[in-house]
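The structure appears below as C-alpha coordinates.
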Amino acid sequence: MKGGGRMENMTEQELIIGLIDKYVDLQRIKKENKNTPNEELEYQIRATTVKLSSMGVNVEDLTL
(Lines give C-alpha, C1' and ligand atoms only; values in the text may rest on other atoms or scores of the structure.)
Protein backbone atom coordinates (compact mmCIF):
# COMPACT_ATOMS: atom_id res chain seq x y z
CA MET A 1 0.00 0.00 0.00
CA LYS A 2 1.41 3.42 -0.96
CA GLY A 3 1.38 6.63 1.03
CA GLY A 4 -0.76 7.05 4.12
CA GLY A 5 -2.98 4.03 3.64
CA ARG A 6 -6.13 4.98 5.55
CA MET A 7 -5.98 8.63 4.42
CA GLU A 8 -6.24 7.55 0.79
CA ASN A 9 -9.50 5.76 1.55
CA MET A 10 -11.13 8.51 3.62
CA THR A 11 -14.16 10.23 2.23
CA GLU A 12 -14.27 14.02 2.24
CA GLN A 13 -16.88 13.87 5.01
CA GLU A 14 -14.60 11.70 7.19
CA LEU A 15 -11.71 14.08 6.59
CA ILE A 16 -13.84 17.09 7.57
CA ILE A 17 -15.02 15.34 10.75
CA GLY A 18 -11.41 14.52 11.68
CA LEU A 19 -10.30 18.11 11.11
CA ILE A 20 -13.22 19.47 13.15
CA ASP A 21 -12.28 17.11 16.00
CA LYS A 22 -8.67 18.30 15.80
CA TYR A 23 -9.74 21.97 15.75
CA VAL A 24 -11.98 21.52 18.80
CA ASP A 25 -9.19 19.70 20.68
CA LEU A 26 -6.75 22.51 19.89
CA GLN A 27 -9.28 25.10 21.09
CA ARG A 28 -9.68 23.22 24.39
CA ILE A 29 -5.91 23.20 24.87
CA LYS A 30 -5.74 26.91 24.11
CA LYS A 31 -8.47 27.64 26.66
CA GLU A 32 -6.67 25.61 29.34
CA ASN A 33 -3.41 27.49 28.63
CA LYS A 34 -5.10 30.62 29.99
CA ASN A 35 -3.50 33.08 27.55
CA THR A 36 0.01 31.60 27.90
CA PRO A 37 1.74 32.28 24.56
CA ASN A 38 2.25 29.12 22.51
CA GLU A 39 3.43 29.67 18.93
CA GLU A 40 3.12 26.00 17.93
CA LEU A 41 -0.45 25.79 19.21
CA GLU A 42 -1.39 28.97 17.32
CA TYR A 43 0.24 27.61 14.15
CA GLN A 44 -1.68 24.33 14.44
CA ILE A 45 -4.96 26.22 14.93
CA ARG A 46 -4.27 28.43 11.89
CA ALA A 47 -3.30 25.47 9.72
CA THR A 48 -6.40 23.50 10.72
CA THR A 49 -8.58 26.57 10.14
CA VAL A 50 -7.17 26.98 6.63
CA LYS A 51 -7.79 23.31 5.83
CA LEU A 52 -11.37 23.48 7.07
CA SER A 53 -12.00 26.77 5.24
CA SER A 54 -10.71 25.24 2.00
CA MET A 55 -13.38 22.55 2.44
CA GLY A 56 -16.12 25.13 3.01
CA VAL A 57 -16.36 24.75 6.80
CA ASN A 58 -16.80 27.91 8.89
CA VAL A 59 -15.04 27.46 12.23
CA GLU A 60 -16.46 30.57 13.93
CA ASP A 61 -19.15 28.55 15.68
CA LEU A 62 -16.56 26.07 16.99
CA THR A 63 -14.26 28.59 18.67
CA LEU A 64 -14.41 28.67 22.47
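Going by the C-alpha coordinates order, chains are called A, B, ..., each with residues numbered from 1, while ligands are numbered from 1 in the order shown.
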
May I have the residues within 9 Å of range 23-26 of chain A as a VMD selection string, using only C-alpha atoms and disregarding those fewer than 6 positions away in the same chain?
chain A and resid 41 to 42 44 to 45 48 to 49 52 59 62 to 64

Closest to Asp61 in chain A among A:Ala47, A:Ile20, A:Asn35, A:Glu40, using only C-alpha atoms?
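Of all the options, A:Ile20 lies closest to Asp61 in chain A.
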
Could you pull out all residues of chain A with a DSSP call of alpha helix (DSSP H) and give them as a VMD selection string?
chain A and resid 6 to 9 12 to 32 39 to 54

Would you mind exporting N, CA and C atoms of the selected residues as a short mmCIF file (atom, residue, chain, number, x, y, z; two decimals), in the first residue's frame?
```cif
data_model
loop_
_atom_site.label_atom_id
_atom_site.label_comp_id
_atom_site.auth_asym_id
_atom_site.auth_seq_id
_atom_site.Cartn_x
_atom_site.Cartn_y
_atom_site.Cartn_z
N ARG A 6 -4.76 4.62 5.15
CA ARG A 6 -6.13 4.98 5.55
C ARG A 6 -6.56 6.33 4.98
N MET A 7 -5.64 7.31 4.94
CA MET A 7 -5.98 8.63 4.42
C MET A 7 -6.44 8.57 2.97
N GLU A 8 -5.86 7.66 2.19
CA GLU A 8 -6.24 7.55 0.79
C GLU A 8 -7.67 7.07 0.63
N ASN A 9 -8.18 6.34 1.63
CA ASN A 9 -9.50 5.76 1.55
C ASN A 9 -10.56 6.58 2.28
N GLU A 12 -14.40 12.61 1.88
CA GLU A 12 -14.27 14.02 2.24
C GLU A 12 -14.98 14.29 3.57
N GLN A 13 -16.13 13.68 3.77
CA GLN A 13 -16.88 13.87 5.01
C GLN A 13 -16.07 13.38 6.22
N GLU A 14 -15.42 12.23 6.10
CA GLU A 14 -14.60 11.70 7.19
C GLU A 14 -13.41 12.62 7.48
N LEU A 15 -12.82 13.16 6.43
CA LEU A 15 -11.71 14.08 6.59
C LEU A 15 -12.16 15.35 7.32
N ILE A 16 -13.30 15.89 6.93
CA ILE A 16 -13.84 17.09 7.57
C ILE A 16 -14.11 16.82 9.05
N ILE A 17 -14.72 15.69 9.35
CA ILE A 17 -15.02 15.34 10.75
C ILE A 17 -13.73 15.25 11.56
N GLY A 18 -12.70 14.63 10.99
CA GLY A 18 -11.41 14.52 11.68
C GLY A 18 -10.78 15.88 11.93
N LEU A 19 -10.86 16.76 10.95
CA LEU A 19 -10.30 18.11 11.11
C LEU A 19 -11.08 18.92 12.13
N ILE A 20 -12.40 18.77 12.15
CA ILE A 20 -13.22 19.47 13.15
C ILE A 20 -12.83 18.97 14.54
N ASP A 21 -12.69 17.67 14.71
CA ASP A 21 -12.28 17.11 16.00
C ASP A 21 -10.93 17.68 16.44
N LYS A 22 -9.99 17.75 15.50
CA LYS A 22 -8.67 18.30 15.80
C LYS A 22 -8.78 19.77 16.20
N TYR A 23 -9.57 20.54 15.46
CA TYR A 23 -9.74 21.97 15.75
C TYR A 23 -10.32 22.17 17.14
N VAL A 24 -11.35 21.40 17.48
CA VAL A 24 -11.98 21.52 18.80
C VAL A 24 -10.99 21.15 19.90
N ASP A 25 -10.21 20.09 19.69
CA ASP A 25 -9.19 19.70 20.68
C ASP A 25 -8.17 20.82 20.88
N LEU A 26 -7.72 21.42 19.79
CA LEU A 26 -6.75 22.51 19.89
C LEU A 26 -7.35 23.71 20.62
N GLN A 27 -8.62 24.00 20.39
CA GLN A 27 -9.28 25.10 21.09
C GLN A 27 -9.38 24.83 22.59
N ARG A 28 -9.64 23.58 22.96
CA ARG A 28 -9.68 23.22 24.39
C ARG A 28 -8.32 23.41 25.05
N ILE A 29 -7.26 23.01 24.35
CA ILE A 29 -5.91 23.20 24.87
C ILE A 29 -5.61 24.68 25.05
N LYS A 30 -5.97 25.47 24.05
CA LYS A 30 -5.74 26.91 24.11
C LYS A 30 -6.47 27.52 25.31
N LYS A 31 -7.69 27.11 25.53
CA LYS A 31 -8.47 27.64 26.66
C LYS A 31 -7.82 27.29 27.99
N GLU A 32 -7.31 26.05 28.10
CA GLU A 32 -6.67 25.61 29.34
C GLU A 32 -5.32 26.30 29.56
N GLU A 39 3.36 29.48 20.38
CA GLU A 39 3.43 29.67 18.93
C GLU A 39 3.03 28.42 18.16
N GLU A 40 3.45 27.25 18.63
CA GLU A 40 3.12 26.00 17.93
C GLU A 40 1.63 25.75 17.95
N LEU A 41 0.99 25.97 19.10
CA LEU A 41 -0.45 25.79 19.21
C LEU A 41 -1.18 26.73 18.25
N GLU A 42 -0.76 27.99 18.21
CA GLU A 42 -1.39 28.97 17.32
C GLU A 42 -1.20 28.56 15.86
N TYR A 43 -0.01 28.06 15.52
CA TYR A 43 0.24 27.61 14.15
C TYR A 43 -0.68 26.44 13.80
N GLN A 44 -0.82 25.48 14.69
CA GLN A 44 -1.68 24.33 14.44
C GLN A 44 -3.14 24.76 14.27
N ILE A 45 -3.58 25.71 15.06
CA ILE A 45 -4.96 26.22 14.93
C ILE A 45 -5.13 26.90 13.58
N ARG A 46 -4.17 27.75 13.20
CA ARG A 46 -4.27 28.43 11.89
C ARG A 46 -4.27 27.44 10.75
N ALA A 47 -3.39 26.45 10.80
CA ALA A 47 -3.30 25.47 9.72
C ALA A 47 -4.59 24.66 9.60
N THR A 48 -5.15 24.26 10.73
CA THR A 48 -6.40 23.50 10.72
C THR A 48 -7.55 24.37 10.23
N THR A 49 -7.55 25.64 10.61
CA THR A 49 -8.58 26.57 10.14
C THR A 49 -8.53 26.72 8.63
N VAL A 50 -7.34 26.84 8.08
CA VAL A 50 -7.17 26.98 6.63
C VAL A 50 -7.68 25.73 5.92
N LYS A 51 -7.33 24.56 6.45
CA LYS A 51 -7.79 23.31 5.83
C LYS A 51 -9.31 23.22 5.84
N LEU A 52 -9.91 23.54 6.98
CA LEU A 52 -11.37 23.48 7.07
C LEU A 52 -12.02 24.52 6.15
N SER A 53 -11.46 25.72 6.11
CA SER A 53 -12.00 26.77 5.24
C SER A 53 -11.94 26.35 3.78
N SER A 54 -10.86 25.68 3.39
CA SER A 54 -10.71 25.24 2.00
C SER A 54 -11.76 24.19 1.64
#
```
